[in-house]
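K.L.:
Pasting target.tsv here (TSV, C-alpha atoms):
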chain	number	residue	atom	x	y	z
S	121	MET	CA	15.99	-8.40	-11.63
S	122	SER	CA	14.28	-6.46	-14.38
S	123	ARG	CA	12.65	-4.00	-11.97
S	124	THR	CA	14.46	-1.14	-10.27
S	125	CYS	CA	15.58	-2.77	-7.06
S	126	ALA	CA	17.26	-1.40	-3.94
S	127	CYS	CA	19.07	-3.49	-1.36
S	128	ILE	CA	19.21	-2.23	2.23
S	129	VAL	CA	21.61	-3.91	4.65
S	130	CYS	CA	20.44	-3.41	8.23
S	131	ASP	CA	22.26	-3.94	11.52
S	132	GLY	CA	20.47	-7.11	12.60
S	133	GLU	CA	21.76	-10.68	12.63
S	134	PRO	CA	24.18	-10.75	9.68
S	135	ALA	CA	23.08	-12.51	6.53
S	136	SER	CA	25.58	-14.94	5.06
S	137	SER	CA	28.27	-13.52	2.79
S	138	GLU	CA	26.79	-15.52	-0.09
S	139	VAL	CA	23.33	-14.00	0.37
S	140	LEU	CA	24.72	-10.49	0.73
S	141	ARG	CA	26.81	-10.80	-2.42
S	142	GLU	CA	23.93	-12.28	-4.40
S	143	PHE	CA	21.50	-9.45	-3.74
S	144	VAL	CA	24.04	-6.66	-3.75
S	145	GLU	CA	25.18	-7.69	-7.22
S	146	ARG	CA	21.62	-7.78	-8.54
S	147	CYS	CA	20.31	-4.49	-7.16
S	148	SER	CA	20.97	-1.08	-8.66
S	149	LEU	CA	20.98	0.85	-5.37
S	150	ILE	CA	22.86	-0.34	-2.28
S	151	ILE	CA	22.09	1.32	1.06
S	152	ALA	CA	23.64	0.65	4.45
S	153	ALA	CA	21.35	1.44	7.38
S	154	ASP	CA	23.79	2.60	10.05
S	155	GLY	CA	25.78	-0.44	11.31
S	156	GLY	CA	24.83	-2.41	8.21
S	157	ILE	CA	27.87	-0.85	6.56
S	158	GLU	CA	30.12	-3.11	8.63
S	159	GLN	CA	28.54	-6.17	7.00
S	160	LEU	CA	29.13	-4.71	3.56
S	161	LYS	CA	32.75	-3.97	4.46
S	162	GLN	CA	33.19	-7.67	5.29
S	163	ILE	CA	32.48	-8.56	1.67
S	164	GLY	CA	34.37	-5.62	0.23
S	165	VAL	CA	31.33	-3.67	-1.01
S	166	VAL	CA	31.00	0.11	-0.81
S	167	PRO	CA	27.33	1.17	-0.54
S	168	ASP	CA	25.90	3.99	-2.59
S	169	LEU	CA	24.47	5.48	0.59
S	170	LEU	CA	24.98	5.25	4.35
S	171	ILE	CA	21.99	6.54	6.30
S	172	GLY	CA	21.00	6.72	9.97
S	173	ASP	CA	21.95	8.27	13.28
S	174	MET	CA	25.38	6.58	13.10
S	175	ASP	CA	25.29	5.19	16.63
S	176	SER	CA	26.62	1.91	15.23
S	177	ALA	CA	28.78	3.23	12.40
S	178	ALA	CA	31.27	5.51	14.16
S	179	GLU	CA	34.30	3.68	12.76
S	180	ALA	CA	32.93	3.91	9.23
S	181	LEU	CA	32.33	7.62	9.63
S	182	THR	CA	35.86	8.17	10.88
S	183	GLY	CA	37.12	6.50	7.70
S	184	GLY	CA	34.81	8.49	5.47
S	185	ALA	CA	32.44	5.55	5.05
S	186	ALA	CA	34.65	4.29	2.22
S	187	GLY	CA	33.44	7.07	-0.09
S	188	ALA	CA	29.70	6.40	0.33
S	189	GLU	CA	27.20	9.24	0.34
S	190	ILE	CA	26.18	9.92	3.93
S	191	ILE	CA	22.84	11.14	5.26
S	192	ARG	CA	23.04	11.59	9.01
S	193	TYR	CA	20.06	11.99	11.35
S	194	PRO	CA	19.96	12.89	15.05
S	195	GLN	CA	19.55	10.00	17.47
S	196	ASP	CA	16.33	11.56	18.80
S	197	LYS	CA	14.04	10.85	15.83
S	198	ASN	CA	10.70	9.17	15.15
S	199	GLU	CA	11.87	6.71	12.47
S	200	SER	CA	14.27	3.78	12.70
S	201	ASP	CA	17.36	3.73	10.51
S	202	SER	CA	15.74	0.95	8.46
S	203	GLU	CA	12.63	3.01	7.79
S	204	LEU	CA	14.68	6.05	6.82
S	205	ALA	CA	16.57	3.85	4.36
S	206	VAL	CA	13.34	2.46	2.87
S	207	VAL	CA	11.85	5.93	2.41
S	208	GLU	CA	15.05	7.14	0.76
S	209	ALA	CA	15.18	4.12	-1.58
S	210	LEU	CA	11.60	4.69	-2.73
S	211	LYS	CA	12.27	8.41	-3.14
S	212	ARG	CA	15.19	7.56	-5.42
S	213	GLY	CA	13.02	5.52	-7.75
S	214	ALA	CA	13.19	1.95	-6.45
S	215	ASP	CA	9.99	0.03	-7.10
S	216	ARG	CA	11.16	-2.95	-5.03
S	217	VAL	CA	13.19	-2.77	-1.82
S	218	LEU	CA	14.92	-5.72	-0.14
S	219	LEU	CA	15.80	-5.64	3.57
S	220	LEU	CA	18.75	-7.87	4.50
S	221	SER	CA	20.07	-8.57	8.01
S	222	ALA	CA	16.81	-7.17	9.32
S	223	ALA	CA	15.99	-9.89	11.88
S	224	GLY	CA	17.66	-11.25	15.01
S	225	LYS	CA	19.63	-9.37	17.67
S	226	ARG	CA	16.65	-7.34	18.98
S	227	SER	CA	13.08	-8.57	18.71
S	228	ASP	CA	11.68	-5.04	18.91
S	229	HIS	CA	13.74	-4.01	15.87
S	230	PHE	CA	12.57	-7.09	14.00
S	231	PHE	CA	8.94	-6.27	14.77
S	232	SER	CA	9.53	-2.68	13.67
S	233	ASN	CA	10.90	-3.96	10.37
S	234	LEU	CA	7.81	-6.14	9.89
S	235	ALA	CA	5.68	-3.06	10.51
S	236	ILE	CA	7.62	-1.24	7.78
S	237	LEU	CA	6.56	-3.96	5.34
S	238	THR	CA	2.90	-3.26	6.12
S	239	ARG	CA	3.33	0.43	5.27
S	240	HIS	CA	4.68	-0.45	1.82
S	241	ALA	CA	2.61	-3.46	0.78
S	242	GLY	CA	4.05	-5.41	-2.13
S	243	ARG	CA	7.05	-3.10	-2.49
S	244	VAL	CA	9.31	-3.91	0.47
S	245	PHE	CA	10.52	-7.46	1.16
S	246	LEU	CA	12.45	-8.75	4.15
S	247	VAL	CA	14.87	-11.58	3.33
S	248	ASP	CA	15.45	-13.84	6.35
S	249	GLY	CA	17.32	-17.07	5.69
S	250	ASN	CA	15.26	-19.11	3.23
S	251	PHE	CA	12.17	-16.92	3.66
S	252	ALA	CA	10.95	-13.78	1.96
S	253	VAL	CA	8.47	-11.73	4.00
S	254	PHE	CA	6.08	-9.15	2.53
S	255	SER	CA	2.61	-7.74	3.06
S	256	LEU	CA	-0.66	-7.38	1.21
S	257	ASP	CA	-3.38	-4.83	1.87
S	258	ALA	CA	-6.64	-3.61	0.34
S	259	GLU	CA	-4.73	-1.73	-2.37
S	260	THR	CA	-3.04	-4.87	-3.72
S	261	SER	CA	-5.12	-7.26	-5.77
S	262	GLY	CA	-3.05	-10.22	-4.65
S	263	SER	CA	0.15	-12.09	-5.28
S	264	ARG	CA	1.45	-15.04	-7.27
S	265	LEU	CA	4.39	-17.05	-5.95
S	266	LYS	CA	6.60	-19.77	-7.35
S	267	ILE	CA	7.30	-22.06	-4.40
S	268	GLU	CA	8.74	-25.55	-4.67
S	269	GLN	CA	6.63	-28.47	-3.50
S	270	HIS	CA	6.63	-29.01	0.29
S	271	LYS	CA	8.17	-25.59	0.94
S	272	ARG	CA	6.46	-23.58	3.67
S	273	LEU	CA	4.08	-20.67	3.56
S	274	SER	CA	2.60	-18.81	6.53
S	275	VAL	CA	0.14	-15.92	6.57
S	276	PHE	CA	-0.86	-13.72	9.51
S	277	SER	CA	-3.23	-10.86	10.13
S	278	PHE	CA	-1.41	-7.69	11.14
S	279	GLY	CA	-3.54	-5.39	13.25
S	280	GLU	CA	-7.23	-5.73	12.50
S	281	SER	CA	-8.72	-8.89	11.01
S	282	VAL	CA	-8.07	-9.82	7.40
S	283	GLN	CA	-11.25	-10.50	5.43
S	284	GLY	CA	-11.78	-12.33	2.17
S	285	LEU	CA	-8.50	-14.26	2.37
S	286	ALA	CA	-8.02	-16.76	-0.45
S	287	VAL	CA	-5.00	-19.05	-0.80
S	288	SER	CA	-4.51	-21.65	-3.55
S	289	GLY	CA	-1.67	-23.93	-4.62
S	290	THR	CA	-1.14	-25.13	-1.05
S	291	LYS	CA	-1.91	-28.25	0.99
S	292	TRP	CA	-4.59	-26.35	2.90
S	293	GLU	CA	-6.40	-23.98	0.57
S	294	LEU	CA	-8.58	-21.14	1.81
S	295	ASN	CA	-11.48	-19.33	0.17
S	296	ASP	CA	-13.09	-16.14	1.47
S	297	VAL	CA	-11.83	-16.68	5.02
S	298	THR	CA	-11.59	-14.12	7.82
S	299	ILE	CA	-8.58	-14.44	10.13
S	300	GLN	CA	-7.70	-12.63	13.34
S	301	ALA	CA	-4.25	-12.14	14.81
S	302	GLY	CA	-3.05	-15.57	15.95
S	303	SER	CA	-1.49	-18.79	14.74
S	304	LEU	CA	-4.11	-19.69	12.12
S	305	GLY	CA	-2.23	-19.61	8.83
S	306	LEU	CA	1.01	-21.01	10.23
S	307	SER	CA	3.07	-23.62	8.31
S	308	ASN	CA	1.07	-24.31	5.18
S	309	GLU	CA	2.81	-26.23	2.37
S	310	ALA	CA	3.13	-25.56	-1.34
S	311	THR	CA	1.94	-28.30	-3.67
S	312	GLY	CA	4.27	-27.39	-6.51
S	313	ALA	CA	1.65	-25.42	-8.43
S	314	ALA	CA	1.72	-21.63	-8.46
S	315	VAL	CA	0.60	-20.22	-5.11
S	316	THR	CA	-1.88	-17.35	-5.23
S	317	ILE	CA	-2.91	-15.17	-2.29
S	318	SER	CA	-5.51	-12.42	-2.20
S	319	ILE	CA	-7.49	-10.49	0.41
S	320	GLN	CA	-10.43	-8.10	0.40
S	321	SER	CA	-9.52	-5.96	3.41
S	322	GLY	CA	-7.03	-5.72	6.25
S	323	THR	CA	-3.26	-6.21	6.23
S	324	LEU	CA	-1.69	-9.62	5.68
S	325	LEU	CA	1.91	-10.59	6.44
S	326	VAL	CA	3.20	-13.40	4.22
S	327	PHE	CA	6.23	-15.58	5.03
S	328	ALA	CA	7.16	-17.61	1.96
S	329	GLU	CA	9.99	-20.11	1.61
S	330	CYS	CA	11.17	-18.73	-1.72
S	331	ARG	CA	13.19	-15.89	-3.22
S	332	PRO	CA	11.81	-12.35	-3.63
S	333	ASP	CA	12.25	-12.83	-7.39
S	334	ASP	CA	9.60	-15.57	-7.22
S	335	ILE	CA	6.94	-13.19	-5.89
S	336	GLU	CA	4.75	-10.95	-8.02
S	337	VAL	CA	2.33	-8.51	-6.38
S	338	GLU	CA	-0.22	-6.61	-8.45
S	339	PRO	CA	-2.01	-3.39	-7.50
S	340	ARG	CA	-5.77	-3.52	-7.29
S	341	PRO	CA	-7.34	-2.01	-10.44
S	342	VAL	CA	-8.99	1.36	-9.95
S	343	GLU	CA	-12.75	0.94	-10.29
Re-express the file's structure as structure tokens.
P.N.:
Amino acid sequence: MSRTCACIVCDGEPASSEVLREFVERCSLIIAADGGIEQLKQIGVVPDLLIGDMDSAAEALTGGAAGAEIIRYPQDKNESDSELAVVEALKRGADRVLLLSAAGKRSDHFFSNLAILTRHAGRVFLVDGNFAVFSLDAETSGSRLKIEQHKRLSVFSFGESVQGLAVSGTKWELNDVTIQAGSLGLSNEATGAAVTISIQSGTLLVFAECRPDDIEVEPRPVE
């Protein structure tokens, strides 16, 4: 990855060892969000940073977290360990952040991680199996994705309605559409051409069957 990229391993359903190794090797900053350090230990990787309230990383702390820098927070806090890790990654200069092992186990944690994406549109990506998940908002001009033919793409309104939605390069193309929260936008298919997505207002969650490397998000030009 040519950009400055951070990889955050969360404490959700573990990603495969192959996926973990792939992204860890390609990112310049590796962060374990609390119990995520146990997944990194399974593949023999020491993170640059361990962050969180440590309710799931007691064993790692006892062993000195394998030499990783540690930032510890109290359990009574407003942010999740994942959000603390994202904020720290951005503060340290990452312009793209990947969340691994951020789904499964607890649905409320998964939803919280999706909400984190909407607070950092186009900068934070959740990698879940074959899908990359990210968000667009009024400050992003849109996105361009390389998705193989017949691979899936789903888009959902997060919060208020999304207005001016346009999607091209898919089986069902959209132009200047308003969508509310619901299932409209589920399971579209790529045609093999470049997929483009843009909105005028609102917050859009995008689930794309591709790699984060295949997604480019541009900021909206200042008028």
K.L.:
Please provide as a PDB file with C-alpha atoms, in the coordinates of the input all residues within 9 Å of range 164-169 of chain S, with the sequence filter that same-chain residues fewer than 5 positions apart are discarded (counting only C-alpha atoms).
P.N.:
ATOM      1  CA  ARG S 141      26.810 -10.800  -2.420  1.00  0.00           C
ATOM      2  CA  VAL S 144      24.040  -6.660  -3.750  1.00  0.00           C
ATOM      3  CA  LEU S 149      20.980   0.850  -5.370  1.00  0.00           C
ATOM      4  CA  ILE S 150      22.860  -0.340  -2.280  1.00  0.00           C
ATOM      5  CA  ILE S 151      22.090   1.320   1.060  1.00  0.00           C
ATOM      6  CA  ALA S 152      23.640   0.650   4.450  1.00  0.00           C
ATOM      7  CA  ALA S 153      21.350   1.440   7.380  1.00  0.00           C
ATOM      8  CA  ILE S 157      27.870  -0.850   6.560  1.00  0.00           C
ATOM      9  CA  GLN S 159      28.540  -6.170   7.000  1.00  0.00           C
ATOM     10  CA  ALA S 185      32.440   5.550   5.050  1.00  0.00           C
ATOM     11  CA  ALA S 186      34.650   4.290   2.220  1.00  0.00           C
ATOM     12  CA  GLY S 187      33.440   7.070  -0.090  1.00  0.00           C
ATOM     13  CA  ALA S 188      29.700   6.400   0.330  1.00  0.00           C
ATOM     14  CA  GLU S 189      27.200   9.240   0.340  1.00  0.00           C
ATOM     15  CA  ILE S 190      26.180   9.920   3.930  1.00  0.00           C
ATOM     16  CA  ILE S 191      22.840  11.140   5.260  1.00  0.00           C
ATOM     17  CA  ALA S 205      16.570   3.850   4.360  1.00  0.00           C
TER      18      ALA S 205
END
K.L.:
Have a look at CA of Gly279 in chain S and CA of Ala135 in chain S and let me know their distance in Å, one decimal.
P.N.:
28.4 Å
K.L.:
So what do you get for CA of Ala241 in chain S versus CA of Leu256 in chain S, distance-wise?
P.N.:
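CA of Ala241 in chain S sits 5.1 Å away from CA of Leu256 in chain S.
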K.L.:
Name all residues at most 6 Å from range 326-328 of chain S (count only C-alpha atoms; drop same-chain ones fewer than 3 positions away) and give them as a list in words.
P.N.:
Phe251, Ala252, Val253, Phe254, Ser255, Leu273, Ser274 and Val275 of chain S
K.L.:
Please identify all polymer residues within 10 Å of Gly155 in chain S, counting all atoms listed in the file, omitting same-chain residues fewer than 3 positions from it, and present them as a PDB file with C-alpha atoms, in the coordinates of the input.
P.N.:
ATOM      1  CA  VAL S 129      21.610  -3.910   4.650  1.00  0.00           C
ATOM      2  CA  CYS S 130      20.440  -3.410   8.230  1.00  0.00           C
ATOM      3  CA  ASP S 131      22.260  -3.940  11.520  1.00  0.00           C
ATOM      4  CA  GLY S 132      20.470  -7.110  12.600  1.00  0.00           C
ATOM      5  CA  ALA S 152      23.640   0.650   4.450  1.00  0.00           C
ATOM      6  CA  GLU S 158      30.120  -3.110   8.630  1.00  0.00           C
ATOM      7  CA  GLN S 159      28.540  -6.170   7.000  1.00  0.00           C
ATOM      8  CA  LEU S 160      29.130  -4.710   3.560  1.00  0.00           C
ATOM      9  CA  LEU S 170      24.980   5.250   4.350  1.00  0.00           C
ATOM     10  CA  ILE S 171      21.990   6.540   6.300  1.00  0.00           C
ATOM     11  CA  GLY S 172      21.000   6.720   9.970  1.00  0.00           C
ATOM     12  CA  ASP S 173      21.950   8.270  13.280  1.00  0.00           C
ATOM     13  CA  MET S 174      25.380   6.580  13.100  1.00  0.00           C
ATOM     14  CA  ASP S 175      25.290   5.190  16.630  1.00  0.00           C
ATOM     15  CA  SER S 176      26.620   1.910  15.230  1.00  0.00           C
ATOM     16  CA  ALA S 177      28.780   3.230  12.400  1.00  0.00           C
ATOM     17  CA  ALA S 178      31.270   5.510  14.160  1.00  0.00           C
ATOM     18  CA  GLU S 179      34.300   3.680  12.760  1.00  0.00           C
ATOM     19  CA  ALA S 180      32.930   3.910   9.230  1.00  0.00           C
ATOM     20  CA  ASP S 201      17.360   3.730  10.510  1.00  0.00           C
TER      21      ASP S 201
END
K.L.:
Go ahead and compute the interatomic distance for CA of Ala235 in chain S and CA of Ala301 in chain S, in Å to one decimal.
P.N.:
14.1 Å
K.L.:
With all atoms listed in the file as the atoms that count, which of S:Asn250, S:Ser200, S:Ser263, S:Thr311 lies nearest to Asn233 in chain S?
P.N.:
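Of S:Asn250, S:Ser200, S:Ser263, S:Thr311, the one nearest Asn233 in chain S is S:Ser200, counting all atoms listed in the file.
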K.L.:
Determine the nearest neighbour of Gly305 in chain S from the options S:Ile319, S:Ala209, S:Ile335, S:Leu285, counting all atoms listed in the file.
P.N.:
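When distances to Gly305 in chain S are compared using all atoms listed in the file, the smallest one comes from S:Leu285.
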